[in-house]
Every structure is written in C-alpha cells, then in structure tokens.
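**Q** Handing you this structure, nothing more for now.
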Amino acid sequence: MRCGLIDTGNRNHFRMKATRLFFLVFPLFFSCGLSAQNKHTIRIGAGVNVRSSVDDDRLTVGPSLSVEYGRTINAYFSAAAEIHTDMCKNGAASDLYGAGVGLRGMFTPFPKKFRWVKVGVGATYDHCKYLYGVHVQDAEGQSVLQHMRHSADYWGIDFPIRAYLIDSRRFEFYAFYNIKTMFSDGRYYWNYSHGGLAFGVKF
C-alpha cells in the first residue's frame with residue numbers, strides 16, 4: 001500500500017466510529033448549551049382587559065392578547081419588551097380597539113424561596129381607536145344615531161405581577177395581572193388593567 005492511501009474497509013470503519021461519536025456527544029453538547037444559554041424567553045399571553053365605561057363608573061371587560069420577548073440578567077432581574085392588543089365594549093354605544101408596546105423590568109425579590117412570584121415596572125404606550133355613536137337631529141328634526149371615530153395616544157407606566165405555575169429550564173406558565181397607568185392632560189391616573197394566563201419557551 002502506498003503512503004497516503006487508506007483502504008475502503010478502514011475508511012468505512014472510521015466513518016462508523018465518527019458517526020457514533022457524533023450522536024453520543026452532540027446531544028450532551030446541545031443539552032449543555034441549552035442550560036447555559038436559556039436566558040431568552042418568548043411568551044404569549046391571553047386574557048381580558050378591564051376599563052371604566054365612558055358612560056358611567058361601571059367596569060367593562062374585553063379580550064386581550066400579548067407577545068413578549070424577555071432576557072434574564074441574573075436570578076433577581078430580567079428585562080422584557082412586549083406588544084399587546086385589546087378591545088372592549090366601552091359604553092352603550094362605544095367600542096374601543098387598542099394596541100401598544102411596553103418595556104419593563106421584572107424583579108424576583110426572593111429567588112431561592114419564592115421564585116414563582118415576580119413583580120415589575122416599565123414604560124408603556126397605547127394607541128386607541130374609539131368607535132361611538134352620537135344622537136343628532138336630521139333635516140326633519142328626528143333623532144338619529146351618528147357613528148363617529150376618535151383616536152388617542154397614551155404614555156404611562158405599567159406594573160406587572162406574575163405568579164408562576166411552571167418555571168423550568170425550558171418552559172414557563174404563569175398567571176399575570178398588569179396595572180396600566182397613564183399621563184394625560186397634566187394628570188397621572190389608572191388607565192386600565194389586563195390579566196390572564198401566559199406560556200413561555202426559553203432558549
């Protein structure tokens with residue numbers, strides 16, 4: 001046999017060993033990589049939003065959806081960015097459709113004993129469209145309902161609270177309640193709240 005050539009039998013044997021080694025080592029490497037790099041989380045939440053009616057002091061309820069990206073900094077602190085959308089019957093003749101974004105920090109005050117409780121604070125922005133009806137008089141003096149539209153932008157601070165049912169290396173599942181406040185016309189007050197359940201995948 002000339003130098004530099006490997007017979008077919010030895011080459012196939014080498015390939016088989018390399019393949020077996022790959023399938024033995026790669027899962028271990030991949031699992032270690034997951035445990036070391038699962039600081040990122042994608043979360044999807046669904047629930048309801050609660051607001052004051054435009055007609056009176058009664059509360060109105062409608063569906064809410066949110067998607068959030070989070071990054072764990074350490075055992076005590078994580079940061080997150082989210083987008084959310086809400087809608088509700090905001091009065092007898094008024095419907096509200098809202099969408100917004102938020103940036104927040106989440107805190108785990110006692111990560112060793114109470115890791116399943118997290119609280120946070122962050123900045124939030126909402127763009128809302130109001131569809132409502134106004135009674136006006138037509139040319140014959142009859143009262144008719146005229147449909148109107150109005151848009152508004154709100155900046156404020158939100159305060160998320162979470163209670164985790166599952167918080168493993170790969171997945172999380174929790175109940176949440178977010179208190180949304182806003183600044184408007186020189187005042188600072190409660191805008192609305194939304195709560196529900198969320199599921200997250202870590203990577």
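Chains: A, B, ... in order of the structure tokens. Residues: from 1 per chain. Ligands: from 1, in order shown.
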Neighbours of stretch 138-145 of chain A within 12 Å (only C-alpha atoms; same-chain residues fewer than 6 positions away dropped), as a short mmCIF file (atom, residue, chain, number, x, y, z; two decimals) with C-alpha atoms, in the first residue's frame?
**A**
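Ended up saving to out_1.cif:
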```cif
data_model
loop_
_atom_site.label_atom_id
_atom_site.label_comp_id
_atom_site.auth_asym_id
_atom_site.auth_seq_id
_atom_site.Cartn_x
_atom_site.Cartn_y
_atom_site.Cartn_z
CA ALA A 93 -72.68 52.99 22.04
CA SER A 94 -68.86 52.90 22.15
CA TYR A 132 -69.03 55.58 19.25
#
```
**Q** Would you work out the distance separating atom CA of A:Arg115 from atom CA of A:Ala198, expressed in Å to one decimal?
**A**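 Spanning atom CA of A:Arg115 to atom CA of A:Ala198 is a straight-line distance of 16.6 Å.
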**Q** What does the distance between atom CA of A:Tyr154 and atom CA of A:Thr60 come to in Å, to one decimal place?
**A** 18.9 Å
**Q** From the list A:Ala92, A:Ile157, A:Val136, A:Leu197, which residue is nearest A:Ala175 when using only C-alpha atoms?
**A**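 The shortest atom-to-atom distance to A:Ala175 comes from A:Leu197.
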**Q** What does the distance between atom CA of A:Leu59 and atom CA of A:Arg187 come to in Å, to one decimal place?
**A** 20.7 Å
**Q** Taking the DSSP assignment computed from this structure's backbone, write out as number ranges by chain all residues of stretch 21-176 of chain A that belong to strand (DSSP E).
**A** A: 40-52, 59-72, 77-91, 94-107, 117-137, 143-167, 171-176
**Q** Can you list, as an MDAnalysis selection string, all residues belonging to stretch 22-131 of chain A that DSSP tags as alpha helix (DSSP H)?
**A** chainID A and resid 22:37
